[in-house]
file start_6.txt (compact mmCIF, C-alpha atoms)
# COMPACT_ATOMS: atom_id res chain seq x y z
CA GLY A 1273 25.11 -29.88 58.78
CA ILE A 1274 25.16 -30.79 62.47
CA MET A 1275 28.91 -31.36 62.35
CA LEU A 1276 29.55 -28.07 60.58
CA GLY A 1277 27.38 -26.19 63.08
CA GLY A 1278 29.11 -27.84 66.04
CA LEU A 1279 32.56 -27.18 64.62
CA ALA A 1280 31.78 -23.50 64.06
CA MET A 1281 30.61 -23.15 67.68
CA LYS A 1282 33.82 -24.80 68.89
CA TRP A 1283 36.04 -22.47 66.89
CA ARG A 1284 34.22 -19.35 68.13
CA TRP A 1285 34.46 -20.56 71.74
CA ARG A 1286 38.17 -21.34 71.32
CA ALA A 1287 38.87 -17.90 69.83
CA ARG A 1288 37.16 -16.20 72.78
CA ARG A 1289 39.08 -18.29 75.31
CA GLN A 1290 42.43 -17.68 73.63
CA ALA A 1291 41.76 -13.95 73.32
CA ALA A 1292 41.09 -13.87 77.07
CA GLY A 1293 44.25 -15.87 77.79
CA LYS A 1294 42.28 -18.83 79.13
CA ASP A 1295 42.68 -22.57 78.66
CA ALA A 1296 40.85 -23.93 75.60
CA SER A 1297 41.83 -27.58 75.84
CA ARG A 1298 38.66 -29.02 77.42
CA PRO A 1299 35.63 -28.10 75.31
CA ASN A 1300 32.27 -29.72 75.95
CA ILE A 1301 28.92 -29.63 74.21
CA VAL A 1302 25.52 -30.27 75.83
CA PHE A 1303 22.56 -32.12 74.34
CA ALA A 1304 19.85 -34.54 75.43
CA ALA A 1305 20.29 -38.31 75.52
CA ASN A 1306 17.60 -38.74 72.85
CA ALA A 1307 20.00 -37.33 70.25
CA GLN A 1308 20.65 -39.15 67.01
CA VAL A 1309 24.14 -40.53 66.46
CA ALA A 1310 25.34 -37.58 64.32
CA LEU A 1311 25.39 -35.37 67.42
CA GLU A 1312 27.60 -37.80 69.31
CA LYS A 1313 29.82 -38.16 66.26
CA THR A 1314 30.31 -34.39 66.21
CA ALA A 1315 31.54 -34.40 69.80
CA ARG A 1316 33.81 -37.40 69.34
CA TYR A 1317 35.30 -36.49 65.96
CA PHE A 1318 36.06 -32.90 67.00
CA ASP A 1319 37.42 -33.70 70.49
CA MET A 1320 34.59 -32.31 72.59
CA GLU A 1321 33.19 -33.90 75.73
CA ALA A 1322 29.58 -34.91 75.07
CA ARG A 1323 27.44 -34.00 78.08
CA LEU A 1324 24.22 -35.95 77.67
CA VAL A 1325 21.20 -34.63 79.54
CA PRO A 1326 19.10 -37.51 80.95
CA VAL A 1327 15.52 -37.72 79.70
CA SER A 1328 12.37 -38.79 81.53
CA ALA A 1329 8.62 -39.07 81.16
CA GLU A 1330 8.37 -35.63 82.77
CA SER A 1331 10.51 -34.13 79.99
CA ARG A 1332 8.59 -36.21 77.40
CA PHE A 1333 11.77 -38.18 76.73
CA CYS A 1334 13.65 -35.19 75.33
CA LEU A 1335 15.59 -32.16 76.60
CA ASP A 1336 15.09 -31.12 80.22
CA VAL A 1337 15.94 -27.41 80.24
CA GLU A 1338 16.93 -27.16 83.91
CA ARG A 1339 19.06 -30.30 83.87
CA ALA A 1340 20.77 -29.02 80.72
CA ALA A 1341 21.56 -25.68 82.33
CA ALA A 1342 23.13 -27.47 85.31
CA MET A 1343 25.64 -29.18 82.98
CA ILE A 1344 26.96 -25.97 81.43
CA ASP A 1345 30.24 -24.38 82.48
CA GLU A 1346 32.89 -22.07 81.05
CA ASN A 1347 34.09 -24.82 78.70
CA THR A 1348 30.71 -25.34 77.04
CA VAL A 1349 31.03 -24.41 73.37
CA GLY A 1350 27.28 -24.58 72.74
CA MET A 1351 24.16 -26.69 72.83
CA PHE A 1352 22.38 -28.91 70.35
CA VAL A 1353 18.60 -28.57 70.62
CA ILE A 1354 16.55 -31.04 68.58
CA LEU A 1355 13.51 -30.00 66.58
CA GLY A 1356 11.95 -33.40 66.26
CA SER A 1357 13.22 -36.27 68.38
CA THR A 1358 13.98 -39.42 66.39
CA TYR A 1359 12.52 -41.49 69.22
CA THR A 1360 9.10 -39.89 69.70
CA GLY A 1361 8.77 -36.92 67.35
CA HIS A 1362 8.62 -34.33 70.15
CA TYR A 1363 10.09 -30.88 69.56
CA GLU A 1364 12.54 -29.69 72.19
CA ASN A 1365 11.73 -26.20 73.46
CA VAL A 1366 14.27 -23.96 71.72
CA ALA A 1367 12.80 -20.67 72.98
CA GLU A 1368 12.66 -21.82 76.62
CA MET A 1369 16.24 -23.10 76.42
CA SER A 1370 17.35 -19.75 75.00
CA ARG A 1371 15.68 -17.85 77.84
CA ARG A 1372 17.33 -20.14 80.40
CA LEU A 1373 20.71 -19.54 78.76
CA ASP A 1374 20.10 -15.78 79.00
CA ARG A 1375 19.58 -16.14 82.76
CA LEU A 1376 22.66 -18.34 83.02
CA TYR A 1377 24.72 -15.71 81.20
CA ALA A 1378 23.46 -13.02 83.57
CA ASP A 1379 24.25 -15.14 86.64
CA ALA A 1380 27.49 -16.91 85.68
CA GLY A 1381 28.77 -15.22 82.52
CA HIS A 1382 28.57 -18.36 80.35
CA ASP A 1383 27.65 -17.18 76.83
CA VAL A 1384 26.29 -20.33 75.18
CA PRO A 1385 24.87 -20.44 71.62
CA ILE A 1386 22.37 -22.97 70.25
CA HIS A 1387 22.58 -25.07 67.12
CA VAL A 1388 19.13 -26.38 66.17
CA ASP A 1389 19.16 -29.92 64.82
CA GLY A 1390 16.19 -29.50 62.52
CA ALA A 1391 16.91 -32.65 60.51
CA SER A 1392 13.17 -33.31 60.22
CA GLY A 1393 11.39 -30.47 62.00
CA ALA A 1394 12.95 -27.61 60.04
CA PHE A 1395 10.99 -28.80 56.99
CA VAL A 1396 7.79 -29.33 58.98
CA ALA A 1397 7.45 -26.47 61.48
CA PRO A 1398 7.67 -23.55 59.00
CA PHE A 1399 4.69 -24.91 57.08
CA ALA A 1400 2.55 -26.69 59.69
CA GLN A 1401 3.43 -24.74 62.86
CA PRO A 1402 4.61 -21.28 61.73
CA GLN A 1403 3.71 -19.70 65.09
CA LEU A 1404 6.35 -21.81 66.85
CA GLU A 1405 9.54 -19.88 67.61
CA TRP A 1406 12.51 -22.20 67.14
CA ASP A 1407 14.57 -20.50 64.42
CA PHE A 1408 16.49 -17.21 64.16
CA ARG A 1409 13.61 -15.46 65.89
CA VAL A 1410 15.15 -16.99 69.01
CA PRO A 1411 18.16 -14.83 70.00
CA ARG A 1412 20.60 -17.59 70.95
CA VAL A 1413 20.11 -19.70 67.83
CA ALA A 1414 23.42 -19.39 65.96
CA SER A 1415 22.84 -22.05 63.30
CA ILE A 1416 20.26 -24.51 61.99
CA SER A 1417 20.69 -27.74 60.05
CA THR A 1418 18.13 -29.83 58.20
CA SER A 1419 17.98 -32.81 55.85
CA GLY A 1420 16.45 -32.78 52.39
CA HIS A 1421 15.81 -36.51 52.38
CA LYS A 1422 13.43 -36.53 55.33
CA PHE A 1423 10.68 -33.98 54.93
CA GLY A 1424 12.42 -31.98 52.22
CA LEU A 1425 10.95 -34.62 49.86
CA THR A 1426 14.13 -35.56 48.04
CA TYR A 1427 16.85 -38.23 48.03
CA PRO A 1428 19.37 -39.04 50.79
CA GLY A 1429 22.52 -37.07 50.18
CA ILE A 1430 21.44 -33.45 50.56
CA GLY A 1431 21.36 -31.40 53.73
CA TRP A 1432 21.49 -27.75 54.70
CA VAL A 1433 23.08 -25.63 57.39
CA LEU A 1434 22.39 -21.93 57.89
CA TRP A 1435 24.11 -19.43 60.18
CA ARG A 1436 22.47 -16.39 61.73
CA ALA A 1437 25.11 -14.02 60.32
CA PRO A 1438 28.59 -14.26 58.72
CA GLU A 1439 30.37 -13.76 62.04
CA TYR A 1440 28.92 -17.04 63.35
CA LEU A 1441 30.97 -18.95 60.76
CA PRO A 1442 34.68 -18.33 61.50
CA ASP A 1443 36.74 -17.35 58.45
CA GLY A 1444 39.32 -20.01 59.27
CA LEU A 1445 36.80 -22.75 58.45
CA THR A 1446 36.08 -21.55 54.92
CA PHE A 1447 38.19 -21.88 51.78
CA GLU A 1448 38.16 -19.75 48.66
CA LEU A 1449 38.29 -21.49 45.29
CA SER A 1450 39.03 -19.60 42.08
CA TYR A 1451 39.88 -22.38 39.65
CA LEU A 1452 36.24 -22.99 38.66
CA GLY A 1453 35.76 -19.48 37.33
CA GLY A 1454 35.07 -16.69 39.79
CA VAL A 1455 35.69 -16.90 43.52
CA GLU A 1456 33.67 -19.37 45.55
CA LYS A 1457 33.76 -20.01 49.29
CA THR A 1458 33.41 -23.58 50.48
CA PHE A 1459 32.90 -25.20 53.89
CA THR A 1460 32.24 -28.92 53.67
CA LEU A 1461 33.44 -32.19 55.21
CA ASN A 1462 33.12 -34.27 52.05
CA PHE A 1463 34.96 -34.33 48.76
CA SER A 1464 33.48 -34.06 45.25
CA HIS A 1465 29.76 -34.68 45.43
CA PRO A 1466 27.15 -35.26 42.70
CA SER A 1467 24.84 -32.36 41.93
CA CYS A 1468 21.78 -34.60 41.37
CA PHE A 1469 20.64 -34.29 45.01
CA LEU A 1470 20.81 -30.50 44.87
CA LEU A 1471 18.97 -30.42 41.55
CA ALA A 1472 16.23 -32.69 42.92
CA GLN A 1473 15.78 -30.42 45.94
CA TYR A 1474 15.69 -27.33 43.70
CA TYR A 1475 13.07 -29.02 41.52
CA GLN A 1476 10.89 -29.78 44.54
CA PHE A 1477 11.12 -26.18 45.72
CA LEU A 1478 10.00 -24.95 42.31
CA ARG A 1479 7.37 -27.65 41.91
CA TYR A 1480 5.64 -27.25 45.26
CA GLY A 1481 6.59 -23.82 46.52
CA ARG A 1482 5.57 -22.74 49.99
CA THR A 1483 1.91 -23.51 49.32
CA GLY A 1484 2.65 -27.04 48.18
CA TYR A 1485 4.89 -27.83 51.14
CA ALA A 1486 2.24 -26.45 53.50
CA ARG A 1487 -0.41 -28.70 51.93
CA ILE A 1488 1.84 -31.77 52.22
CA MET A 1489 2.91 -31.12 55.81
CA ASN A 1490 -0.66 -30.41 56.93
CA ALA A 1491 -1.74 -33.69 55.32
CA CYS A 1492 1.08 -35.54 57.09
CA MET A 1493 0.01 -34.06 60.43
CA TYR A 1494 -3.63 -34.99 59.76
CA HIS A 1495 -2.82 -38.61 58.93
CA ALA A 1496 -0.43 -38.92 61.88
CA ARG A 1497 -3.18 -37.73 64.23
CA LEU A 1498 -5.71 -40.03 62.60
CA LEU A 1499 -3.35 -42.97 63.15
CA SER A 1500 -2.71 -41.92 66.76
CA VAL A 1501 -6.41 -41.68 67.59
CA ALA A 1502 -7.15 -44.99 65.85
CA ILE A 1503 -4.33 -46.83 67.63
CA GLU A 1504 -5.42 -45.61 71.05
CA ALA A 1505 -9.07 -46.48 70.31
CA THR A 1506 -8.06 -50.17 70.25
CA GLY A 1507 -7.33 -50.10 73.99
CA ILE A 1508 -4.26 -52.21 73.23
CA TYR A 1509 -1.83 -49.40 72.48
CA ALA A 1510 -1.04 -46.02 74.00
CA CYS A 1511 0.82 -43.28 72.17
CA VAL A 1512 4.02 -41.92 73.67
CA SER A 1513 3.96 -39.17 71.04
CA ASP A 1514 1.59 -36.28 71.79
CA ILE A 1515 0.78 -34.54 68.50
CA HIS A 1516 -2.87 -35.66 68.59
CA ARG A 1517 -3.54 -34.38 72.10
CA PRO A 1518 -4.92 -30.92 72.99
CA ARG A 1519 -2.15 -28.35 73.36
CA GLY A 1520 -0.57 -28.67 76.80
CA CYS A 1521 -2.02 -32.15 77.42
CA LEU A 1522 0.86 -34.61 77.58
CA GLY A 1523 0.90 -38.32 78.23
CA TYR A 1524 -1.66 -41.09 77.89
CA SER A 1525 -4.72 -41.48 80.07
CA GLU A 1526 -8.31 -42.40 79.32
CA GLU A 1527 -9.25 -38.74 79.75
CA SER A 1528 -6.55 -37.56 77.34
CA ARG A 1529 -7.54 -40.26 74.85
CA LEU A 1530 -11.15 -39.12 74.79
CA ALA A 1531 -10.15 -35.46 74.61
CA ALA A 1532 -7.82 -36.18 71.68
CA SER A 1533 -10.52 -38.14 69.86
CA ARG A 1534 -13.09 -35.36 70.25
CA MET A 1535 -10.63 -32.64 69.22
CA PHE A 1536 -9.49 -34.59 66.18
CA ALA A 1537 -13.08 -35.05 65.00
CA ASP A 1538 -13.70 -31.30 65.33
CA ALA A 1539 -10.43 -30.44 63.57
CA ALA A 1540 -11.18 -32.84 60.72
CA GLN A 1541 -14.48 -31.05 60.06
CA ALA A 1542 -12.73 -27.68 60.19
CA ALA A 1543 -10.03 -28.87 57.78
CA GLU A 1544 -12.67 -29.79 55.20
CA ARG A 1545 -13.55 -26.09 54.99
CA THR A 1546 -9.98 -25.01 54.15
CA SER A 1547 -7.73 -25.40 51.13
CA GLY A 1548 -5.39 -27.74 53.00
CA THR A 1549 -2.70 -25.08 53.33
CA ASP A 1550 -4.02 -23.28 56.41
CA PRO A 1551 -1.74 -24.12 59.38
CA SER A 1552 -4.33 -22.92 61.90
CA VAL A 1553 -5.86 -26.42 61.86
CA ASN A 1554 -2.78 -27.55 63.81
CA GLU A 1555 -2.92 -24.88 66.50
CA PRO A 1556 -5.25 -26.72 68.95
CA PHE A 1557 -2.79 -29.64 69.10
CA ASN A 1558 0.68 -30.14 70.52
CA ASP A 1559 3.48 -29.35 68.11
CA GLY A 1560 5.73 -32.12 66.84
CA LEU A 1561 6.67 -34.24 63.86
CA PRO A 1562 4.08 -36.34 62.00
CA GLU A 1563 5.41 -39.35 63.82
CA VAL A 1564 3.52 -41.88 65.94
CA ALA A 1565 5.37 -43.67 68.74
CA PHE A 1566 3.30 -46.18 70.72
CA CYS A 1567 3.47 -49.15 73.08
CA PHE A 1568 1.19 -51.60 74.88
CA THR A 1569 -1.17 -50.08 77.43
CA ASP A 1570 -0.73 -51.03 81.08
CA TRP A 1571 -4.08 -52.82 80.91
CA PHE A 1572 -2.95 -54.97 78.00
CA ARG A 1573 0.39 -55.78 79.61
CA HIS A 1574 -1.34 -56.84 82.80
CA LYS A 1575 -3.77 -59.07 80.89
CA HIS A 1576 -1.08 -60.51 78.59
CA PRO A 1577 2.22 -60.43 80.52
CA THR A 1578 4.06 -62.44 77.84
CA ALA A 1579 3.00 -60.16 74.98
CA SER A 1580 5.95 -58.96 72.91
CA GLN A 1581 6.16 -55.81 70.79
CA ASP A 1582 9.20 -57.32 69.07
CA VAL A 1583 7.01 -60.14 67.75
CA VAL A 1584 4.36 -57.67 66.59
CA SER A 1585 7.04 -55.66 64.78
CA THR A 1586 8.35 -58.80 63.08
CA LEU A 1587 4.88 -59.97 62.05
CA LEU A 1588 4.12 -56.59 60.49
CA ARG A 1589 6.97 -57.19 58.06
CA VAL A 1590 4.95 -60.11 56.69
CA ARG A 1591 2.35 -57.56 55.58
CA GLY A 1592 4.99 -55.23 54.14
CA TRP A 1593 5.28 -52.75 57.03
CA ILE A 1594 8.59 -51.81 58.64
CA VAL A 1595 7.62 -50.61 62.12
CA PRO A 1596 10.68 -50.77 64.38
CA ASN A 1597 10.46 -51.57 68.08
CA TYR A 1598 13.21 -50.04 70.20
CA PRO A 1599 14.01 -48.81 73.71
CA LEU A 1600 13.80 -45.14 74.57
CA PRO A 1601 17.05 -43.34 75.51
CA PRO A 1602 19.09 -44.11 78.65
CA ASP A 1603 17.19 -43.43 81.88
CA ALA A 1604 14.00 -44.45 80.05
CA ALA A 1605 15.32 -47.58 78.30
CA ASP A 1606 12.86 -49.82 80.14
CA ILE A 1607 10.15 -48.43 77.83
CA HIS A 1608 10.05 -49.88 74.32
CA VAL A 1609 8.07 -48.16 71.60
CA MET A 1610 7.10 -48.86 68.02
CA ARG A 1611 7.26 -45.97 65.59
CA VAL A 1612 5.58 -44.93 62.36
CA VAL A 1613 6.75 -41.88 60.39
CA ILE A 1614 4.01 -40.42 58.20
CA LYS A 1615 5.25 -39.10 54.86
CA GLU A 1616 3.75 -37.43 51.81
CA ALA A 1617 2.35 -40.66 50.30
CA SER A 1618 0.07 -41.30 53.27
CA SER A 1619 -3.72 -41.39 53.03
CA GLU A 1620 -6.75 -42.41 55.08
CA ASP A 1621 -6.65 -45.78 53.33
CA TYR A 1622 -2.99 -46.14 54.28
CA VAL A 1623 -3.87 -45.52 57.93
CA ASN A 1624 -6.80 -47.94 57.78
CA ARG A 1625 -4.65 -50.74 56.34
CA LEU A 1626 -1.89 -50.15 58.87
CA VAL A 1627 -4.28 -50.31 61.85
CA ARG A 1628 -5.93 -53.43 60.41
CA ASP A 1629 -2.56 -55.15 59.99
CA LEU A 1630 -1.40 -54.00 63.43
CA LEU A 1631 -4.44 -55.66 65.00
CA TRP A 1632 -3.82 -58.80 62.91
CA ALA A 1633 -0.19 -58.94 64.06
CA THR A 1634 -1.20 -58.42 67.68
CA GLN A 1635 -3.81 -61.19 67.58
CA THR A 1636 -1.39 -63.53 65.77
CA MET A 1637 1.21 -62.88 68.45
CA LEU A 1638 -1.31 -63.76 71.17
CA ASP A 1639 -2.35 -66.93 69.34
CA MET A 1640 1.29 -68.00 69.03
CA HIS A 1641 1.82 -67.53 72.76
CA ARG A 1642 -1.29 -69.59 73.58
CA GLN A 1643 0.00 -72.46 71.45
CA ASP A 1644 3.33 -72.33 73.27
call {"tool": "encode", "arguments": {"input": "start_6.txt", "output": "structure tokens"}}
result
Amino acid sequence: GIMLGGLAMKWRWRARRQAAGKDASRPNIVFAANAQVALEKTARYFDMEARLVPVSAESRFCLDVERAAAMIDENTVGMFVILGSTYTGHYENVAEMSRRLDRLYADAGHDVPIHVDGASGAFVAPFAQPQLEWDFRVPRVASISTSGHKFGLTYPGIGWVLWRAPEYLPDGLTFELSYLGGVEKTFTLNFSHPSCFLLAQYYQFLRYGRTGYARIMNACMYHARLLSVAIEATGIYACVSDIHRPRGCLGYSEESRLAASRMFADAAQAAERTSGTDPSVNEPFNDGLPEVAFCFTDWFRHKHPTASQDVVSTLLRVRGWIVPNYPLPPDAADIHVMRVVIKEASSEDYVNRLVRDLLWATQTMLDMHRQD
């Protein structure tokens, strides 16, 4: 879906340039350095310069709107904005980026559309954070892609891409087929594909409906926040993700930890009085994916300078957990985080066992280092 959205933006940009008699040989596309590899593939495979916006703690390790705007010129075909960073689960601010592009158009005449990479977030935000404007409510969003196998609750192999209106998908990219009975338009990058993935997704839509998806996503958010609060309560780990913190409170500190713990306790009591489908229980918190990214606290690093998150990650595999440890994107690669993605099978018991085994792995790592 990302590739199809990027290709459509390139073709529309090229048509405008050619109609104006301008050079169309040097297209570029702008996105943040925390992008997953599919975004870079799109640029490389379709001969576009990838302009990667550096990330920082100030931008919460995702898109910096002002730095992105500074990279745009007349050859920019569009922007990828990510609704749910693979690294930390943060949502990039689609609405703010759109407003900045409006100002850029007024000042410099660069008319830049947005493709939203909603691989995970486009199946979370509509149900858990419906007040968030990231979709076609945002004027510059031309297309949106998402994956069924992440939070769509089905198998790898199905994804979706939607365009705002027919004119955002150039006719030259579509093909009409009539040999299957009737006329069908197609726009894909693959060949014959099994229908089982589509049928599974259709089944899940019918089985759960909007109410069922809302219940599942709210439960995922609840368990992700429970895990975040529990991890930070150890004093050993600090969350880089922010979904458990009060809205507008970003980054770890003792004050933010206590505020998050108190707010979560209040929200948990409020959630008990609802059916589980009410998204208002998420409103006091920062928006984001049900994903927990965390690392050693400064206090723990100072006390145990040889402590290794890689060893903790490896030891967790002994207990059956796959919790990767990896560096954040360039310009923040000195920070390594471990990450847990909360899915529909999660429960309070699941969280309890994970925290217990995380503490076991941490203590085992320390014991190993003492023996050395």
call {"tool": "closest_residue", "arguments": {"input": "start_6.txt", "among": "A:Gly1429, A:Pro1577, A:Ala1304, A:Met1369", "to": "Cys1468 of chain A", "atoms": "only C-alpha atoms"}}
result
A:Gly1429
call {"tool": "closest_residue", "arguments": {"input": "start_6.txt", "among": "A:Met1320, A:Ala1539, A:Ala1633, A:Leu1478", "to": "Ala1296 of chain A", "atoms": "only C-alpha atoms"}}
result
A:Met1320
call {"tool": "atom_distance", "arguments": {"input": "start_6.txt", "atom1": "atom CA of Glu1620 of chain A", "atom2": "atom CA of Ala1496 of chain A"}}
result
9.9 Å
call {"tool": "atom_distance", "arguments": {"input": "start_6.txt", "atom1": "atom CA of Val1325 of chain A", "atom2": "atom CA of Tyr1377 of chain A"}}
result
19.3 Å
call {"tool": "residues_around", "arguments": {"input": "start_6.txt", "residues": "segment 1388-1390 of chain A", "least_positions_apart": "2", "cutoff": "10 Å", "atoms": "all atoms listed in the file", "output": "JSON list (two decimals) with C-alpha atoms, keeping the file's coordinate frame"}}
result
[["chain", "number", "residue", "atom", "x", "y", "z"],
["A", 1273, "GLY", "CA", 25.11, -29.88, 58.78],
["A", 1274, "ILE", "CA", 25.16, -30.79, 62.47],
["A", 1277, "GLY", "CA", 27.38, -26.19, 63.08],
["A", 1307, "ALA", "CA", 20.00, -37.33, 70.25],
["A", 1308, "GLN", "CA", 20.65, -39.15, 67.01],
["A", 1310, "ALA", "CA", 25.34, -37.58, 64.32],
["A", 1311, "LEU", "CA", 25.39, -35.37, 67.42],
["A", 1351, "MET", "CA", 24.16, -26.69, 72.83],
["A", 1352, "PHE", "CA", 22.38, -28.91, 70.35],
["A", 1353, "VAL", "CA", 18.60, -28.57, 70.62],
["A", 1354, "ILE", "CA", 16.55, -31.04, 68.58],
["A", 1355, "LEU", "CA", 13.51, -30.00, 66.58],
["A", 1356, "GLY", "CA", 11.95, -33.40, 66.26],
["A", 1357, "SER", "CA", 13.22, -36.27, 68.38],
["A", 1363, "TYR", "CA", 10.09, -30.88, 69.56],
["A", 1364, "GLU", "CA", 12.54, -29.69, 72.19],
["A", 1366, "VAL", "CA", 14.27, -23.96, 71.72],
["A", 1385, "PRO", "CA", 24.87, -20.44, 71.62],
["A", 1386, "ILE", "CA", 22.37, -22.97, 70.25],
["A", 1392, "SER", "CA", 13.17, -33.31, 60.22],
["A", 1393, "GLY", "CA", 11.39, -30.47, 62.00],
["A", 1394, "ALA", "CA", 12.95, -27.61, 60.04],
["A", 1395, "PHE", "CA", 10.99, -28.80, 56.99],
["A", 1396, "VAL", "CA", 7.79, -29.33, 58.98],
["A", 1397, "ALA", "CA", 7.45, -26.47, 61.48],
["A", 1406, "TRP", "CA", 12.51, -22.20, 67.14],
["A", 1407, "ASP", "CA", 14.57, -20.50, 64.42],
["A", 1408, "PHE", "CA", 16.49, -17.21, 64.16],
["A", 1413, "VAL", "CA", 20.11, -19.70, 67.83],
["A", 1414, "ALA", "CA", 23.42, -19.39, 65.96],
["A", 1415, "SER", "CA", 22.84, -22.05, 63.30],
["A", 1416, "ILE", "CA", 20.26, -24.51, 61.99],
["A", 1417, "SER", "CA", 20.69, -27.74, 60.05],
["A", 1418, "THR", "CA", 18.13, -29.83, 58.20],
["A", 1419, "SER", "CA", 17.98, -32.81, 55.85],
["A", 1432, "TRP", "CA", 21.49, -27.75, 54.70],
["A", 1433, "VAL", "CA", 23.08, -25.63, 57.39],
["A", 1434, "LEU", "CA", 22.39, -21.93, 57.89]]
call {"tool": "closest_atom_pairs", "arguments": {"input": "start_6.txt", "of": "segment 1316-1425 of chain A", "to": "segment 1585-1600 of chain A", "cutoff": "12 Å", "atoms": "only C-alpha atoms", "output": "JSON lines"}}
result
{"residue": "A:Pro1326", "atom": "CA", "partner": "A:Leu1600", "partner_atom": "CA", "distance": 11.3}
{"residue": "A:Val1327", "atom": "CA", "partner": "A:Leu1600", "partner_atom": "CA", "distance": 9.2}
{"residue": "A:Ser1328", "atom": "CA", "partner": "A:Leu1600", "partner_atom": "CA", "distance": 9.5}
{"residue": "A:Ala1329", "atom": "CA", "partner": "A:Leu1600", "partner_atom": "CA", "distance": 10.3}
{"residue": "A:Arg1332", "atom": "CA", "partner": "A:Leu1600", "partner_atom": "CA", "distance": 10.7}
{"residue": "A:Phe1333", "atom": "CA", "partner": "A:Leu1600", "partner_atom": "CA", "distance": 7.6}
{"residue": "A:Cys1334", "atom": "CA", "partner": "A:Leu1600", "partner_atom": "CA", "distance": 10.0}
{"residue": "A:Ser1357", "atom": "CA", "partner": "A:Leu1600", "partner_atom": "CA", "distance": 10.8}
{"residue": "A:Thr1358", "atom": "CA", "partner": "A:Leu1600", "partner_atom": "CA", "distance": 10.0}
{"residue": "A:Tyr1359", "atom": "CA", "partner": "A:Leu1600", "partner_atom": "CA", "distance": 6.6}
{"residue": "A:Thr1360", "atom": "CA", "partner": "A:Leu1600", "partner_atom": "CA", "distance": 8.6}
call {"tool": "atom_distance", "arguments": {"input": "start_6.txt", "atom1": "atom CA of Met1637 of chain A", "atom2": "atom CA of Val1583 of chain A"}}
result
6.5 Å
call {"tool": "closest_residue", "arguments": {"input": "start_6.txt", "among": "A:Gly1507, A:Gly1454, A:Gly1424, A:Pro1602", "to": "Cys1567 of chain A", "atoms": "all atoms listed in the file"}}
result
A:Gly1507
call {"tool": "closest_residue", "arguments": {"input": "start_6.txt", "among": "A:Glu1555, A:Glu1563, A:Glu1330, A:Asp1570", "to": "Arg1611 of chain A", "atoms": "only C-alpha atoms"}}
result
A:Glu1563
call {"tool": "closest_residue", "arguments": {"input": "start_6.txt", "among": "A:Gly1444, A:Gly1560, A:Pro1551, A:Gly1453", "to": "Asn1490 of chain A", "atoms": "all atoms listed in the file"}}
result
A:Pro1551
call {"tool": "residues_around", "arguments": {"input": "start_6.txt", "residues": "Ala1491 of chain A", "least_positions_apart": "4", "cutoff": "10 Å", "atoms": "all atoms listed in the file", "output": "list in words"}}
result
Ala1400, Tyr1485, Ala1486, Arg1487, His1495, Ala1496, Arg1497, Ala1543, Gly1548, Thr1549, Pro1562, Ile1614, Lys1615, Glu1616, Ala1617, Ser1618 and Ser1619 of chain A
call {"tool": "closest_residue", "arguments": {"input": "start_6.txt", "among": "A:Ser1370, A:Gly1420, A:Pro1299, A:Thr1578", "to": "Met1640 of chain A", "atoms": "only C-alpha atoms"}}
result
A:Thr1578
call {"tool": "residues_around", "arguments": {"input": "start_6.txt", "residues": "Asp1559 of chain A", "least_positions_apart": "4", "cutoff": "8 Å", "atoms": "all atoms listed in the file", "output": "PyMOL selection string"}}
result
chain A and resi 1362-1363+1401+1515+1519+1554-1555
call {"tool": "residues_around", "arguments": {"input": "start_6.txt", "residues": "Ala1380 of chain A", "least_positions_apart": "3", "cutoff": "10 Å", "atoms": "all atoms listed in the file", "output": "tab-separated table (two decimals) with C-alpha atoms, in the coordinates of the input"}}
result
chain	number	residue	atom	x	y	z
A	1345	ASP	CA	30.24	-24.38	82.48
A	1346	GLU	CA	32.89	-22.07	81.05
A	1375	ARG	CA	19.58	-16.14	82.76
A	1376	LEU	CA	22.66	-18.34	83.02
A	1377	TYR	CA	24.72	-15.71	81.20
A	1383	ASP	CA	27.65	-17.18	76.83
call {"tool": "decode", "arguments": {"input": "start_6.txt", "residues": "segment 1393-1400 of chain A", "atoms": "N, CA and C atoms", "output": "PDB file, in the first residue's frame"}}
result
ATOM      1  N   GLY A1393      -1.422   1.941  12.973  1.00  0.00           N
ATOM      2  CA  GLY A1393      -2.304   2.917  13.600  1.00  0.00           C
ATOM      3  C   GLY A1393      -3.656   3.079  12.946  1.00  0.00           C
ATOM      4  N   ALA A1394      -3.762   2.793  11.645  1.00  0.00           N
ATOM      5  CA  ALA A1394      -5.049   2.976  10.966  1.00  0.00           C
ATOM      6  C   ALA A1394      -6.078   1.938  11.390  1.00  0.00           C
ATOM      7  N   PHE A1395      -5.636   0.884  12.084  1.00  0.00           N
ATOM      8  CA  PHE A1395      -6.578  -0.078  12.659  1.00  0.00           C
ATOM      9  C   PHE A1395      -6.732   0.125  14.168  1.00  0.00           C
ATOM     10  N   VAL A1396      -6.005   1.087  14.727  1.00  0.00           N
ATOM     11  CA  VAL A1396      -6.104   1.363  16.158  1.00  0.00           C
ATOM     12  C   VAL A1396      -6.836   2.681  16.409  1.00  0.00           C
ATOM     13  N   ALA A1397      -6.371   3.749  15.765  1.00  0.00           N
ATOM     14  CA  ALA A1397      -6.908   5.083  16.032  1.00  0.00           C
ATOM     15  C   ALA A1397      -8.416   5.207  15.806  1.00  0.00           C
ATOM     16  N   PRO A1398      -8.992   4.646  14.744  1.00  0.00           N
ATOM     17  CA  PRO A1398     -10.436   4.833  14.554  1.00  0.00           C
ATOM     18  C   PRO A1398     -11.286   4.267  15.684  1.00  0.00           C
ATOM     19  N   PHE A1399     -10.760   3.298  16.401  1.00  0.00           N
ATOM     20  CA  PHE A1399     -11.531   2.627  17.446  1.00  0.00           C
ATOM     21  C   PHE A1399     -11.163   3.106  18.848  1.00  0.00           C
ATOM     22  N   ALA A1400      -9.879   3.383  19.081  1.00  0.00           N
ATOM     23  CA  ALA A1400      -9.420   3.766  20.418  1.00  0.00           C
ATOM     24  C   ALA A1400      -9.237   5.262  20.572  1.00  0.00           C
TER      25      ALA A1400
END
